[in-house]
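Below is entry31.txt, holding compact mmCIF, C-alpha atoms.
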# COMPACT_ATOMS: atom_id res chain seq x y z
CA MET A 1 89.86 108.65 110.39
CA THR A 2 90.11 106.42 107.38
CA GLY A 3 91.14 107.96 104.11
CA TYR A 4 92.97 107.44 100.83
CA GLY A 5 94.62 109.77 98.36
CA ARG A 6 96.78 109.20 95.28
CA ALA A 7 98.59 111.42 92.79
CA GLN A 8 101.02 110.83 89.93
CA GLN A 9 102.98 113.42 87.95
CA THR A 10 106.11 113.60 85.84
CA VAL A 11 108.16 116.51 87.12
CA GLN A 12 111.70 117.56 86.20
CA GLY A 13 112.55 114.23 84.60
CA MET A 14 111.07 112.17 87.46
CA ASP A 15 107.94 110.06 87.45
CA VAL A 16 106.53 110.56 90.97
CA THR A 17 103.66 108.51 92.42
CA ILE A 18 102.39 109.10 95.97
CA GLU A 19 99.73 107.18 97.87
CA ILE A 20 98.44 108.11 101.32
CA LYS A 21 96.36 105.80 103.49
CA SER A 22 95.08 106.20 107.03
CA VAL A 23 93.13 104.23 109.60
CA ASN A 24 91.53 105.33 112.83
CA HIS A 25 93.93 106.25 115.61
CA ARG A 26 93.54 108.38 118.71
CA TYR A 27 96.72 110.32 117.96
CA TYR A 28 98.90 111.19 114.96
CA GLU A 29 101.19 108.37 113.82
CA PHE A 30 103.26 108.56 110.64
CA SER A 31 105.12 105.92 108.64
CA SER A 32 106.49 105.95 105.10
CA ARG A 33 107.90 103.74 102.39
CA ILE A 34 110.04 105.64 99.90
CA THR A 35 112.00 104.51 96.85
CA ARG A 36 115.55 103.59 97.78
CA GLY A 37 117.89 106.55 97.54
CA TYR A 38 115.21 109.13 98.34
CA GLY A 39 114.87 108.55 102.07
CA PHE A 40 115.92 112.15 102.69
CA LEU A 41 112.36 113.14 101.69
CA GLU A 42 110.80 111.55 104.78
CA ASP A 43 111.20 114.51 107.16
CA ASN A 44 109.82 116.98 104.62
CA ILE A 45 106.82 114.75 103.90
CA LYS A 46 106.12 114.17 107.60
CA THR A 47 106.31 117.90 108.37
CA TYR A 48 104.02 118.77 105.46
CA LEU A 49 101.42 116.21 106.53
CA GLN A 50 101.49 117.36 110.16
CA GLY A 51 100.54 120.81 108.93
CA ARG A 52 97.36 119.46 107.34
CA VAL A 53 96.40 116.34 109.32
CA CYS A 54 95.99 116.13 113.10
CA ARG A 55 94.89 112.58 113.78
CA GLY A 56 95.14 109.05 112.41
CA LYS A 57 97.66 106.33 111.65
CA ILE A 58 98.99 107.48 108.29
CA ASP A 59 101.05 105.48 105.80
CA VAL A 60 102.71 107.23 102.86
CA PHE A 61 104.09 105.39 99.82
CA VAL A 62 106.41 107.31 97.48
CA GLU A 63 107.70 105.82 94.23
CA ILE A 64 110.18 107.79 92.13
CA GLN A 65 111.47 106.67 88.76
CA THR A 66 113.97 108.71 86.78
CA VAL A 67 112.70 109.34 83.27
CA ASP A 68 115.78 111.25 82.12
CA SER A 69 118.65 108.75 82.12
CA SER A 70 121.28 111.13 80.74
CA SER A 71 122.87 111.45 84.18
CA ALA A 72 122.96 107.68 84.76
CA ASP A 73 125.94 105.41 83.99
CA VAL A 74 125.56 101.64 83.78
CA MET A 75 128.66 99.80 85.00
CA VAL A 76 129.61 96.12 85.13
CA ASN A 77 130.69 94.48 88.36
CA GLU A 78 133.41 92.52 86.57
CA SER A 79 134.56 90.39 89.50
CA LEU A 80 131.01 89.31 90.26
CA ALA A 81 130.23 88.60 86.60
CA SER A 82 133.41 86.52 86.34
CA GLY A 83 132.39 84.55 89.41
CA TYR A 84 128.97 83.78 87.92
CA VAL A 85 130.55 82.63 84.61
CA GLN A 86 132.99 80.29 86.32
CA ALA A 87 130.31 78.84 88.61
CA LEU A 88 127.83 78.27 85.77
CA ARG A 89 130.42 76.61 83.54
CA LYS A 90 131.47 74.37 86.37
CA ILE A 91 127.84 73.30 86.85
CA ALA A 92 127.48 72.63 83.09
CA GLU A 93 130.66 70.54 83.00
CA GLN A 94 129.93 68.60 86.18
CA TYR A 95 126.38 67.64 85.19
CA GLY A 96 126.82 67.37 81.46
CA LEU A 97 124.64 70.32 80.67
CA LYS A 98 124.68 72.53 77.59
CA ASP A 99 126.85 75.58 78.03
CA ASP A 100 124.43 78.26 76.83
CA LEU A 101 125.92 81.24 78.61
CA SER A 102 125.34 84.65 77.06
CA ALA A 103 125.79 88.24 78.15
CA SER A 104 122.05 88.64 78.65
CA VAL A 105 121.94 85.59 80.93
CA ILE A 106 124.76 86.88 83.13
CA ALA A 107 123.28 90.39 83.22
CA ARG A 108 120.12 89.04 84.86
CA TYR A 109 121.94 88.01 88.00
CA PRO A 110 121.76 90.41 90.99
CA ASP A 111 124.24 93.28 91.14
CA VAL A 112 126.09 92.33 87.94
CA LEU A 113 124.97 95.62 86.39
CA MET A 114 125.17 98.70 88.57
CA ILE A 115 123.61 102.07 87.87
CA HIS A 116 125.49 105.12 89.06
CA ARG A 117 123.77 108.46 89.04
CA ALA A 118 125.06 111.89 89.85
CA PRO A 119 124.28 112.90 93.45
CA GLU A 120 120.71 114.15 93.81
CA ASN A 121 120.05 117.77 94.58
CA GLU A 122 117.81 117.22 97.61
CA ASP A 123 116.16 120.64 97.41
CA ALA A 124 115.37 120.15 93.72
CA VAL A 125 113.91 116.68 94.35
CA TRP A 126 111.71 117.99 97.17
CA ALA A 127 110.54 120.85 94.93
CA ALA A 128 109.48 118.25 92.35
CA VAL A 129 107.79 115.95 94.85
CA ARG A 130 105.93 118.63 96.81
CA PRO A 131 103.20 119.41 94.22
CA VAL A 132 102.51 115.69 93.82
CA LEU A 133 102.27 115.33 97.60
CA ARG A 134 99.94 118.33 97.76
CA GLU A 135 97.59 116.76 95.21
CA ALA A 136 97.60 113.40 97.00
CA VAL A 137 96.87 115.09 100.35
CA ASP A 138 94.03 117.09 98.77
CA HIS A 139 92.37 113.86 97.60
CA PHE A 140 93.09 112.26 100.95
CA ILE A 141 91.51 115.10 102.94
CA ALA A 142 88.48 115.24 100.65
CA MET A 143 87.74 111.59 101.44
CA ARG A 144 88.21 112.18 105.17
CA GLU A 145 85.91 115.21 105.05
CA ALA A 146 83.18 113.11 103.46
CA GLU A 147 83.51 110.55 106.24
CA GLY A 148 83.63 113.35 108.81
CA ALA A 149 80.31 114.70 107.57
CA ARG A 150 78.71 111.29 108.09
CA LEU A 151 80.19 111.00 111.59
CA ARG A 152 78.99 114.49 112.49
CA ALA A 153 75.45 113.67 111.40
CA ASP A 154 75.49 110.54 113.54
CA VAL A 155 76.86 112.34 116.62
CA GLU A 156 74.31 115.15 116.26
CA SER A 157 71.44 112.67 116.03
CA ARG A 158 72.61 110.98 119.24
CA MET A 159 72.91 114.34 120.96
CA LYS A 160 69.25 114.98 120.15
CA VAL A 161 68.37 111.68 121.82
CA LEU A 162 70.38 112.71 124.89
CA LEU A 163 68.70 116.11 125.01
CA GLY A 164 65.32 114.36 124.94
CA ASN A 165 66.42 112.21 127.90
CA VAL A 166 67.48 115.33 129.81
CA GLU A 167 64.11 116.98 129.18
CA GLU A 168 62.29 113.87 130.44
CA ILE A 169 64.46 113.76 133.57
CA GLU A 170 63.77 117.44 134.25
CA LYS A 171 60.02 116.77 133.99
CA ARG A 172 60.12 113.64 136.06
CA SER A 173 62.38 114.82 138.90
CA PRO A 174 59.85 117.16 140.66
CA LYS A 175 57.20 114.44 140.54
CA THR A 176 59.42 112.10 142.52
CA VAL A 177 59.33 114.55 145.46
CA VAL A 178 55.53 114.65 145.41
CA GLU A 179 55.39 110.87 145.25
CA TYR A 180 57.87 110.61 148.13
CA LYS A 181 55.72 112.90 150.26
CA GLU A 182 52.63 110.81 149.49
CA ARG A 183 54.45 107.58 150.36
CA LEU A 184 55.71 109.15 153.60
CA VAL A 185 52.21 110.19 154.66
CA THR A 186 50.83 106.75 153.80
CA HIS A 187 53.57 105.04 155.77
CA ILE A 188 53.00 107.24 158.84
CA HIS A 189 49.26 106.53 158.75
CA GLU A 190 50.04 102.84 158.63
CA LEU A 191 52.04 103.27 161.81
CA ILE A 192 49.87 105.66 163.85
CA GLY A 193 46.48 105.29 162.28
CA GLU A 194 44.34 108.39 161.82
CA ALA A 195 46.11 110.50 164.44
CA PRO A 196 46.94 114.12 163.45
CA LEU A 197 50.13 114.48 161.41
CA ASP A 198 52.91 116.96 161.95
CA GLU A 199 52.66 118.72 158.57
CA GLN A 200 55.76 120.82 159.18
CA ARG A 201 57.84 117.74 159.86
CA ILE A 202 56.54 116.08 156.71
CA LEU A 203 57.40 119.18 154.66
CA THR A 204 60.88 119.23 156.19
CA GLU A 205 61.46 115.58 155.31
CA ALA A 206 60.20 116.19 151.77
CA ALA A 207 62.53 119.20 151.42
CA ILE A 208 65.52 117.15 152.59
CA PHE A 209 64.64 114.43 150.10
CA ALA A 210 64.22 116.98 147.29
CA ASP A 211 67.63 118.45 148.03
CA ARG A 212 69.24 115.02 148.09
CA ILE A 213 67.88 113.96 144.69
CA ALA A 214 68.09 117.35 142.94
CA VAL A 215 69.70 116.98 139.53
CA ALA A 216 69.17 120.51 138.18
CA GLU A 217 72.87 121.30 138.30
CA GLU A 218 73.72 118.18 136.35
CA THR A 219 71.08 118.74 133.67
CA VAL A 220 72.20 122.37 133.25
CA ARG A 221 75.79 121.22 132.77
CA LEU A 222 74.66 118.56 130.30
CA ARG A 223 72.88 121.20 128.23
CA SER A 224 76.03 123.32 128.34
CA HIS A 225 78.13 120.39 127.14
CA PHE A 226 75.69 119.73 124.28
CA ALA A 227 75.99 123.36 123.18
CA GLU A 228 79.78 123.18 123.39
CA MET A 229 79.88 120.00 121.30
CA THR A 230 77.64 121.57 118.66
CA GLN A 231 79.94 124.58 118.48
CA MET A 232 82.99 122.32 118.11
CA LEU A 233 81.39 120.30 115.32
CA GLU A 234 80.57 123.51 113.46
CA SER A 235 84.05 124.99 113.88
CA GLY A 236 85.57 122.96 111.03
CA THR A 237 88.90 122.53 112.83
CA GLY A 238 90.54 119.54 114.51
CA VAL A 239 88.31 118.88 117.53
CA GLY A 240 88.52 115.12 118.06
CA ARG A 241 90.50 115.25 121.29
CA LYS A 242 88.42 118.11 122.70
CA LEU A 243 85.25 116.17 121.98
CA ASP A 244 86.74 113.19 123.74
CA PHE A 245 87.16 115.26 126.90
CA VAL A 246 83.62 116.66 126.73
CA VAL A 247 82.18 113.15 126.33
CA GLN A 248 83.96 112.15 129.52
CA GLU A 249 82.12 115.00 131.23
CA LEU A 250 78.80 113.84 129.77
CA ASN A 251 79.38 110.42 131.25
CA ARG A 252 80.30 111.92 134.62
CA GLU A 253 77.07 113.96 134.79
CA ALA A 254 74.96 110.96 133.77
CA ASN A 255 76.57 108.85 136.50
CA THR A 256 75.84 111.55 139.08
CA ILE A 257 72.18 111.71 138.05
CA GLY A 258 71.97 107.95 138.29
CA SER A 259 73.43 107.91 141.80
CA LYS A 260 71.13 110.71 143.02
CA ALA A 261 67.82 109.78 141.48
CA GLN A 262 65.82 107.30 143.52
CA ASP A 263 63.35 106.61 140.78
CA ALA A 264 63.07 103.64 138.42
CA SER A 265 62.06 105.64 135.33
CA ILE A 266 64.94 108.12 135.77
CA ALA A 267 67.34 105.23 136.34
CA HIS A 268 66.13 103.68 133.07
CA MET A 269 66.68 106.98 131.22
CA VAL A 270 70.19 107.23 132.66
CA ILE A 271 70.98 103.78 131.27
CA GLU A 272 69.77 104.89 127.85
CA MET A 273 71.88 108.04 128.12
CA LYS A 274 75.02 106.12 128.99
CA ALA A 275 74.47 103.80 126.02
CA GLU A 276 74.21 106.80 123.66
CA ILE A 277 77.23 108.50 125.24
CA GLU A 278 79.29 105.36 124.70
CA LYS A 279 78.27 105.28 121.03
CA ILE A 280 79.28 108.93 120.68
CA ARG A 281 82.60 108.19 122.38
CA GLU A 282 83.29 105.42 119.86
CA GLN A 283 82.47 107.69 116.94
CA ILE A 284 84.61 110.65 118.00
CA GLN A 285 87.65 108.38 118.15
CA ASN A 286 87.40 108.62 114.35
CA ILE A 287 86.96 112.40 114.18
CA GLU A 288 89.98 114.55 113.53
Would you mind giving the structure from this file in structure tokens?
Amino acid sequence: MTGYGRAQQTVQGMDVTIEIKSVNHRYYEFSSRITRGYGFLEDNIKTYLQGRVCRGKIDVFVEIQTVDSSSADVMVNESLASGYVQALRKIAEQYGLKDDLSASVIARYPDVLMIHRAPENEDAVWAAVRPVLREAVDHFIAMREAEGARLRADVESRMKVLLGNVEEIEKRSPKTVVEYKERLVTHIHELIGEAPLDEQRILTEAAIFADRIAVAEETVRLRSHFAEMTQMLESGTGVGRKLDFVVQELNREANTIGSKAQDASIAHMVIEMKAEIEKIREQIQNIE
């Protein structure tokens, strides 16, 4: 599911900003980008998220800036600074340029000034970051829940359409047997004229046909799957993968009805059902 959450707090002398983004993904996939020097937080963040999110491709961005600089020492890389000075003066002399070197100019060059901090207490840093992460995840989940509500409404509306198709098939199926019997009698009369018919044989043929095209088992299972899906959607827990399996079963039952039914109107309803099932399948890929 798509989602976004952000939080920013200043905790224990650190300015912590966390952003969480996700896009649709069938499984759980985690990646992070964390301020250099704080990579040790990745495992804790990943574990925390796995406890609250089950599905999606999730990207986490963590920026940490130290507000309290009392534990930081700024040091000069003297050999590097000397190298820059010599190189710049050589350029000025060779090309007749003004020698306008200053300390501030040299300090701008990479790695001339180095900041050394006391080793971080990893447990203390995690304790400071965790409440910020919790807030960001809360915002993130709230957005996903809003999207989930819209997806649920869409899936439920399509299930109602499918249930209507099932009801129409259940009404239509017995009529196909009657129509088959009528066609059989008509065909026999065309062959033998008005000679007496073997009613028992006709009834037997009609019974065989009825057994061959019977779809009661499939429609009963479809109704059971609809009830199961409704229960899952109401459970409020991670059900995306379970729904995916049930939708596969819906498709299987629809295919069976289509292969059994020798009737154009039922075949048309099966096509409509498969179209709705495919739309549901696409939607539940986004449901956690």
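Among the candidates A:Val137, A:Ile284, A:Val220, A:Leu97, the residue lying nearest to Val60 of chain A is A:Val137 (atoms considered: only C-alpha atoms).
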Residue with smallest distance to Ala136 of chain A - pool A:Ala149, A:Val74, A:Ile45, A:Leu243, counting all atoms listed in the file: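 For Ala136 of chain A, the nearest of the given residues is A:Ile45.
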Neighbour list for Ala128 of chain A as a PyMOL selection string, cut-off 12 Å, only C-alpha atoms, skip fewer than 3 positions in-chain: chain A and resi 8-17+41+64+66+121-125+131-134
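Atom pair atom CA of Val270 of chain A / atom CA of Leu222 of chain A has a distance of 12.4 Å (rounded to one decimal).
Rounded to one decimal, atom CA of Gly240 of chain A and atom CA of Lys274 of chain A lie 19.6 Å from each other.
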Contact residues around Asn255 of chain A with all atoms listed in the file at 12 Å, ignoring same-chain residues under 4 positions, as a count of residues only: 21
Point-to-point distance in Å for atom CA of His268 of chain A and atom CA of Arg223 of chain A: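 Value for the atom CA of Arg223 of chain A-atom CA of His268 of chain A distance: 19.4 Å.
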Who sits within 8 Å of Arg281 of chain A, only C-alpha atoms, same chain under 4 positions skipped, as a list in words: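 Here the qualifying residues turn out to be Asp244, Val247, Ile277 and Gln285 of chain A.
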Output the selection as a PDB file, in the coordinates of the input - C-alpha atoms for each residue.
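Listed below is the output, again32.pdb:
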ATOM      1  CA  ASP A 244      86.740 113.190 123.740  1.00  0.00           C
ATOM      2  CA  VAL A 247      82.180 113.150 126.330  1.00  0.00           C
ATOM      3  CA  ILE A 277      77.230 108.500 125.240  1.00  0.00           C
ATOM      4  CA  GLN A 285      87.650 108.380 118.150  1.00  0.00           C
TER       5      GLN A 285
END
Of the listed residues A:Arg130, A:Lys90, A:Lys46, A:Lys21, that which approaches Asp59 of chain A most closely, counting only C-alpha atoms: A:Lys21
Residue nearest Ala146 of chain A among A:Tyr4, A:Trp126, A:Tyr109, A:Tyr38 (counting all atoms listed in the file):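 Once distances to Ala146 of chain A are computed over all atoms listed in the file, the minimum belongs to A:Tyr4.
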Residue with smallest distance to Ala254 of chain A - pool A:Met114, A:Val62, A:Leu163, A:Leu233, counting only C-alpha atoms: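 Closest to Ala254 of chain A, using only C-alpha atoms: A:Leu163.
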List the residues sitting within 12 Å of (133.0, 98.0, 85.9) in the file's frame, using only C-alpha atoms, as a PDB file with C-alpha atoms, in the frame of the given file.
ATOM      1  CA  ASP A  73     125.940 105.410  83.990  1.00  0.00           C
ATOM      2  CA  VAL A  74     125.560 101.640  83.780  1.00  0.00           C
ATOM      3  CA  MET A  75     128.660  99.800  85.000  1.00  0.00           C
ATOM      4  CA  VAL A  76     129.610  96.120  85.130  1.00  0.00           C
ATOM      5  CA  ASN A  77     130.690  94.480  88.360  1.00  0.00           C
ATOM      6  CA  GLU A  78     133.410  92.520  86.570  1.00  0.00           C
ATOM      7  CA  SER A  79     134.560  90.390  89.500  1.00  0.00           C
ATOM      8  CA  LEU A  80     131.010  89.310  90.260  1.00  0.00           C
ATOM      9  CA  ALA A  81     130.230  88.600  86.600  1.00  0.00           C
ATOM     10  CA  SER A  82     133.410  86.520  86.340  1.00  0.00           C
ATOM     11  CA  ASP A 111     124.240  93.280  91.140  1.00  0.00           C
ATOM     12  CA  VAL A 112     126.090  92.330  87.940  1.00  0.00           C
ATOM     13  CA  LEU A 113     124.970  95.620  86.390  1.00  0.00           C
ATOM     14  CA  MET A 114     125.170  98.700  88.570  1.00  0.00           C
ATOM     15  CA  ILE A 115     123.610 102.070  87.870  1.00  0.00           C
ATOM     16  CA  HIS A 116     125.490 105.120  89.060  1.00  0.00           C
TER      17      HIS A 116
END
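Comparing the minimum interatomic distances between Glu168 of chain A and each of A:Ala142, A:Arg6, A:Ser265, A:Val246, counting all atoms listed in the file, we find that A:Ser265 sits nearest.
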Contacts of Arg158 of chain A within 12 Å, all atoms listed in the file, excl. fewer than 3 positions in-chain, as a list in words: Leu151, Arg152, Ala153, Asp154, Val155, Val161, Leu162, Leu163, Gly164, Asn165, Phe226, Met229, Thr230, Glu272, Met273, Lys274, Ala275, Glu276, Ile277, Glu278, Lys279, Ile280, Arg281 and Gln283 of chain A
